Each structure stands twice: as structure tokens, then as C-alpha cells.
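This report refers to the structure that appears directly beneath it.
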Amino acid sequence: MDQLALLFVLLLGAVLSVPVGDRLGLPAPVLMTLLGIVLALLDFVPNVNIPPDLILPLLLPPLLYAAVRRTSWRQFAANVRPIFLLAVALVFVTTVCVAVVANAIVPGLPVAAAVALGALVAPPDPVAATAVAGQLGLPRRLVSILEGEGLFNDVTAIVLYHVAIAAAVSGTFSPWRAGLDLVLSAVVAVAVGIVLGWGANKLMDLLGDATLQIGMTLLVPFASYVLAEEFRGSGVLAVLTTALFLAEYATDPDDVMTRLAGHTFWDIVDTLVTGVAFGLIGLELHNAIRTASGRWGEMLGWAAAIVGVVVFVRLVWLLPATWLTKRLHARRDHDEDIPMSVRETVVMWWSGMRGVASVALVLAIPLETDDGSAFPDRDEIVFIAFGVIMATLVLQGLTLPWLVKRLGVQADTDREKEFEKALAVRAAKAAKRRLREIEAVEELPEELSEQMLRRAYDIGVRISPEVGEDERREAHEQRVRRLKRVRRIQGEMLSAARHEVLAARSEPGADPEVVDRVLRHLDVRSLR
């Protein structure tokens, strides 16, 4: 098997892991990691030869962009305190604790190298957290915090990692310079993200065509990441800023085709890239196995100790941090999403899985220092890091569904239904307002006016049937049954039309372009 065949196996696994995971009640990323481990143990499967410095730029931008599309700037602004406590403060605390323990138990491990190890295992993976939390039906407030933590903690961890690697390679370290680098990295990233988001928004307005606009959204996250890194900023933060800007300002309510096609396109990208990323995590087991050759007992002990530190520090930090956030929340009228019970806090604790970013960072550790000597204890760092990744991702990922079910932590469906009902009422009222505005400038026949008023009412009832009164709801249900019958018959008629048009495609002298144009017209008609 060559590298290209291996890539196709991972892509196929990414597609199949979704229905298999749904059936087994397991997260698809965990299944892909297990598939990668199995492939890594097969003799005919080659080692993955992706340059380490390309892993982050190739995998993170589309994954981050896809994740941000599911949230909003308002949601982040409402959760500043819990996200700060998890994405910034907890990353610092975990880095320090891991560095102290690693420096104490690994003979000869320099402080700078220990800090680098702490930084690369500190951030929970944004893709794993979002994918796992989204499948388990957790309360929206927990998903919001996990998404925010996962998206922003990489910024802090990657900056700490680069500072530690620079100190280990050069042999010098300046706290003031490190702090300045952190601030400048954030400022540059935000500036690049906003400028690129504004430019992309203007370009998409000029393009007009849905296909070209969606193609632009695929290029934008990569461009944002590369430009920010070129100017010594945080590529991760730049992608987040650009994505939030576009989500806030580049949405045309009437551009239905672009929205539907874009949603489908990014669902496909998210599924495939996530599957490949977690498959690569399992495949990189080759490196860890080679590193531990002849020293399994000693190195497994070190890895187990660091896993314990990472898991324990997260729990010890979450309990008082959650209490503090709840106290601050009680004093304000601010709609902030926070864990509301010890059970929810335990689920948040067990959701701290490591993944793509940690793998990319550990593989990017240089082989040599500035003076030509080998990077100190690189093999030990690689093995310990993979031990943390595998233990948290596989162990926690496989047991999290059981824990969620055992603790009974589920989404507040009543609250979601109330919000849906409120939106349905707003939508129906907006439609009725517009109808009155049209009637003020156009003379509509009474029959048409009543029909349009009924359709405005139906807009709300179709979203949330609870909006209507009993009598009108029953009348609506009768119309819905009639409409379903009409649509079924119309669907069969359109299906016959499509079959006939497709049959014409293979006839002598048929122009495929004309056939495809007619077929597209029928497909669009089917969506109405």
C-alpha cells in the first residue's frame, strides 16, 4: 500500500465512521483513531510522510472554520469568563504543572523542553470536543463552553510552545520577550483576520455565483492562517477572527441556494478532514512504538504520570472555576452559559480530550538545537505526548457516552422548544408586516389577500405547530396532509420528467450541456 492508497482508506473510513458511530453510540473521531491504530499495526501499511510543519496549516484552518460556522460572536461574547478560565488560564496552569512533573521524573529533561511538553499536551482538541459533545445531546451551554475552549486554547498553547521551543533551541529565555510575543501575536492575528474577512466579504459580493462564493470560503481560512503566520501572528486566532467576521457580516438572508449548498459543502469538508486528522493520530503510533523500543516500562510510567497530571489538574481547576463563575453570574443580568451542577462539571472535565493540535506540535519539535546538538530528550517527549493523546482521546472518548448517560446530563429540550416557538412567532409576524406594507402600495384582490395572510400564518405554524390555536392548528394539519399528497404526486411526476431527460442524454446528437441545464431546472423545481 502506498501513501495515496492510505489516504483513500482514511477518507472511506471517515465516511463510514459516521453511521457506524451512530449505531454503536460512539464518537466518529474515536473510531477513526482506532482505525488508525489498527492500520499502524499492519506490516503492509506505510509510515505517514507528511512534513510536520504542514500538518497544522493543512488540517486546522478548515476544521476551525467549519466549527465557527456553528456558533456566533454573540455566543463567544456571552461566555468570556468561562472561556478565559478554560482556554487561557487552564492552559497556563496545565503547562506549568506538566513541566514541573516532567522535569522531576524524566532524568536530564531541561526546563524549556518540559515547558514545551506541557504546552503541547495542555489544550483539549477543538474538533474532538465539538464532534463528541454534538453527538451526545449535551446542554447547549456545555457545548458552547467546550466549543469556545477548544477554539481559543490552541492560540495560548501554540504561543507557549513556540516560546519554549525557541528557548530550548537557543538556550536563552526572556519572560518579558515571551509576554510581548504573546500580545503581538494576538494583535497581528486579529488585524489579519478582520482585514481578510472584510476583503473576502467584498469579493463574495462581486462573485455573485453560489459555486464561486463557496469556493472562496474554502480558500479564506487557509489564506488567513498563512498570512497571520507570515507576519508572526497566531494563525489559529486569525482563522477564528475571519470566520466570526464572515458569519456576522457575510450572510444574505435571501441567498437561499448559497446557504443550502454552503452548509452541505462544509458538512462534507468537516467530515472528511476530521476523519483524516484522527486517522493520522492513530497512524503516528509507529513513531511512539519505535521510540519506546527496549524502554517500555520506564516510558509508560512517565506517560501515565503525565496523563494523571493532565486529567487531575483539569478536575481540580474546573471545580473552583465553575463555582467562581456561578457566583459572578448570580450578581449580573448577563445571559452567560455556565455549568449548573456538579454533574455537568464532571462531564466537562471528562470531555478534555487531546488530538490534532497536540500531534502536529509534537511532530514539529526540531531535531537539533542551534549549536548542532540533538534536541534534548526529543524521543521521550514524543512518546509521553502520544501516551497523553491516546489515553485521553480513546479512553475518555469511549467512556464519555456512558458517563453522560449515567449522570443524566442532557439538553434542555423544553427551553429549545420555547425558543423555537418564539422564533416561529417572530417569523410569522414579520411576514404579516411585509404583507401589510405591500397592501398599502398595491391593490390586492380580497381572495389573494386572505390567501397570503393564511400563508403568513402557516410560516409560523410549520416551524412550531404549537404557535396556532387548536382549531386553526387542526385546519393547518389538514392542509399539511393535503400538501404532502400534492407534493408526493408532484414528486413522482418530476421524477418521471428527470428520468426522461436523463435518458435523452445518451441519445445520438444530444447536447449534454443542454440536458444538464434542463435537469438543473427540474432539480431546483423539486426543492420548492
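If you're wondering about the labels, chains in the C-alpha cells are A, B, ... by order shown, residues count from 1 in each chain, ligands from 1 in order shown.
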Please, which residues in stretch 384-503 of chain A fall within 8 Å of stretch 304-316 of chain A when counting only C-alpha atoms, and what is the closest atom pair and distance in Å to one decimal for each, ordered by chain then residue number, as a Markdown table?
| residue | atom | partner | partner_atom | distance |
| --- | --- | --- | --- | --- |
| A:Ile384 | CA | A:Ile306 | CA | 7.4 |
| A:Gly387 | CA | A:Ala304 | CA | 7.4 |
| A:Val388 | CA | A:Val307 | CA | 5.2 |
| A:Ala391 | CA | A:Val307 | CA | 7.3 |
| A:Thr392 | CA | A:Val307 | CA | 7.7 |
Take the residues from that selection and put them in a file with C-alpha atoms, as a PDB file, in the first residue's frame.
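Written out: part28.pdb:
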ATOM      1  CA  ILE A 384       4.874  10.890  26.520  1.00  0.00           C
ATOM      2  CA  GLY A 387       0.610   8.498  25.563  1.00  0.00           C
ATOM      3  CA  VAL A 388      -1.447  11.512  26.690  1.00  0.00           C
ATOM      4  CA  ALA A 391      -5.206   7.867  26.754  1.00  0.00           C
ATOM      5  CA  THR A 392      -7.420  10.965  26.702  1.00  0.00           C
TER       6      THR A 392
END
Based on DSSP run over this structure's backbone, return all residues of stretch 162-399 of chain A in helix (DSSP H, G or I), as a PyMOL selection string. chain A and resi 162-170+175-207+210-230+235-249+256-283+285-291+296-330+342-350+356-363+378-399
Find, counting only C-alpha atoms, the residue in A:Val18, A:Leu285, A:Ile438, A:Leu240 that gets nearest to A:Val30.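 Closest to A:Val30, using only C-alpha atoms: A:Val18.
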Selection: 9 Å around A:Leu117, only C-alpha atoms, excl. self and same-chain fewer than 6 positions, as an MDAnalysis selection string: chainID A and resid 95 98:99 102 161 164 362 381:382 384:385
Gap from atom CA of A:Leu138 to atom CA of A:Val347 - Å, one decimal: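 Computing it gives 9.2 Å between the two atoms.
Across the structure, atom CA of A:Val111 and atom CA of A:Gly372 are spaced 19.2 Å apart.
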Using only C-alpha atoms, which of A:Leu324, A:Val169, A:Leu483, A:Leu260 sits nearest A:Ser373? A:Val169
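Relative to atom CA of A:Gly262, atom CA of A:Arg488 is found at 27.0 Å.
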The residue from A:Asp377, A:Gly491, A:Ala40, A:Asp125 with the smallest atom-to-atom distance to A:Gly108, counting only C-alpha atoms, is A:Asp377
Neighbour list for A:Glu439 as a VMD selection string, cut-off 12 Å, only C-alpha atoms, skip fewer than 6 positions in-chain: chain A and resid 432 to 433 445 to 446 448 to 450 452 to 453
Within 7 Å of stretch 152-154 of chain A, counting only C-alpha atoms, which residues qualify if same-chain residues fewer than 2 places away don't, as an MDAnalysis selection string? chainID A and resid 87:88 91 123 148:150 156:158
Limited to N, CA and C atoms, could you put the picked residues into a file as a PDB file, in the first residue's frame?
ATOM      1  N   ALA A  87      -9.691  28.418  28.408  1.00  0.00           N
ATOM      2  CA  ALA A  87      -8.845  28.491  27.228  1.00  0.00           C
ATOM      3  C   ALA A  87      -7.512  29.181  27.489  1.00  0.00           C
ATOM      4  N   VAL A  88      -7.452  30.044  28.473  1.00  0.00           N
ATOM      5  CA  VAL A  88      -6.203  30.764  28.741  1.00  0.00           C
ATOM      6  C   VAL A  88      -5.615  30.326  30.077  1.00  0.00           C
ATOM      7  N   VAL A  91      -4.880  26.496  30.412  1.00  0.00           N
ATOM      8  CA  VAL A  91      -3.741  26.086  29.580  1.00  0.00           C
ATOM      9  C   VAL A  91      -2.431  26.456  30.262  1.00  0.00           C
ATOM     10  N   PRO A 123      -3.717  21.805  25.585  1.00  0.00           N
ATOM     11  CA  PRO A 123      -5.021  22.185  25.018  1.00  0.00           C
ATOM     12  C   PRO A 123      -5.883  20.999  24.601  1.00  0.00           C
ATOM     13  N   GLY A 148     -15.963  27.031  22.702  1.00  0.00           N
ATOM     14  CA  GLY A 148     -15.132  28.206  22.936  1.00  0.00           C
ATOM     15  C   GLY A 148     -13.765  27.841  23.475  1.00  0.00           C
ATOM     16  N   GLU A 149     -13.723  26.912  24.424  1.00  0.00           N
ATOM     17  CA  GLU A 149     -12.438  26.462  24.968  1.00  0.00           C
ATOM     18  C   GLU A 149     -11.588  25.837  23.870  1.00  0.00           C
ATOM     19  N   GLY A 150     -12.196  24.933  23.102  1.00  0.00           N
ATOM     20  CA  GLY A 150     -11.438  24.239  22.072  1.00  0.00           C
ATOM     21  C   GLY A 150     -10.910  25.163  20.993  1.00  0.00           C
ATOM     22  N   THR A 156      -3.346  30.070  22.869  1.00  0.00           N
ATOM     23  CA  THR A 156      -2.450  30.182  24.028  1.00  0.00           C
ATOM     24  C   THR A 156      -1.377  29.101  24.000  1.00  0.00           C
ATOM     25  N   ALA A 157      -1.793  27.856  23.752  1.00  0.00           N
ATOM     26  CA  ALA A 157      -0.848  26.737  23.807  1.00  0.00           C
ATOM     27  C   ALA A 157       0.228  26.837  22.734  1.00  0.00           C
ATOM     28  N   ILE A 158      -0.162  27.214  21.524  1.00  0.00           N
ATOM     29  CA  ILE A 158       0.819  27.279  20.430  1.00  0.00           C
ATOM     30  C   ILE A 158       1.839  28.379  20.678  1.00  0.00           C
TER      31      ILE A 158
END
Fewer than 4 positions away in the same chain doesn't count, so skip those; otherwise give me all residues within 8 Å of A:Met32, counting only C-alpha atoms, as JSON, numbers by chain. {"A": [10, 13, 14, 17, 28, 36, 275, 276, 278, 279, 282]}
Residues as selected, N, CA and C atoms, written as a short mmCIF file (atom, residue, chain, number, x, y, z; two decimals), in the first residue's frame, can you do that?
data_model
loop_
_atom_site.label_atom_id
_atom_site.label_comp_id
_atom_site.auth_asym_id
_atom_site.auth_seq_id
_atom_site.Cartn_x
_atom_site.Cartn_y
_atom_site.Cartn_z
N LEU A 10 -8.39 6.23 4.55
CA LEU A 10 -8.81 7.14 5.62
C LEU A 10 -10.07 7.91 5.24
N GLY A 13 -12.92 5.58 5.51
CA GLY A 13 -13.20 5.39 6.93
C GLY A 13 -13.93 6.58 7.54
N ALA A 14 -13.56 7.79 7.10
CA ALA A 14 -14.22 9.00 7.62
C ALA A 14 -15.71 8.99 7.30
N SER A 17 -17.40 5.93 9.32
CA SER A 17 -17.37 6.03 10.78
C SER A 17 -18.59 6.78 11.34
N ALA A 28 -17.45 9.48 16.15
CA ALA A 28 -16.73 9.12 14.93
C ALA A 28 -15.22 9.39 15.03
N GLY A 36 -6.93 4.11 12.75
CA GLY A 36 -5.53 4.46 12.51
C GLY A 36 -4.58 3.58 13.29
N GLY A 275 -12.06 13.09 9.85
CA GLY A 275 -11.71 11.66 9.79
C GLY A 275 -10.25 11.44 9.48
N VAL A 276 -9.73 12.16 8.50
CA VAL A 276 -8.31 12.02 8.14
C VAL A 276 -7.41 12.44 9.31
N PHE A 278 -7.95 12.45 12.58
CA PHE A 278 -7.90 11.49 13.69
C PHE A 278 -7.36 10.13 13.25
N GLY A 279 -7.52 9.80 11.97
CA GLY A 279 -6.85 8.61 11.47
C GLY A 279 -5.35 8.76 11.52
N GLY A 282 -3.88 7.99 14.98
CA GLY A 282 -3.65 6.57 15.21
C GLY A 282 -2.46 6.03 14.44
#
Got a sec: who's within 12 Å of A:Gly179, counting only C-alpha atoms, leaving out chain neighbours fewer than 4 positions off, as number ranges by chain? A: 156, 159-160, 163, 173-175, 183-186
Out of A:Gly215, A:Pro82, A:Gly25, A:Pro19, which residue has the shortest atom-to-atom distance to A:Ala261 when counting only C-alpha atoms?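 Closest residue, counting only C-alpha atoms: A:Gly215.
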Which residue is closest to A:Leu39? Choose from A:Ala168, A:Ile55, A:Leu280, A:Gly21 and count only C-alpha atoms.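 The answer is A:Leu280, which sits nearest to A:Leu39.
Among A:Ile145, A:Ala430, A:Val480, A:Met299, the residue with the shortest atom-to-atom distance to A:Trp349, counting only C-alpha atoms, is A:Ile145.
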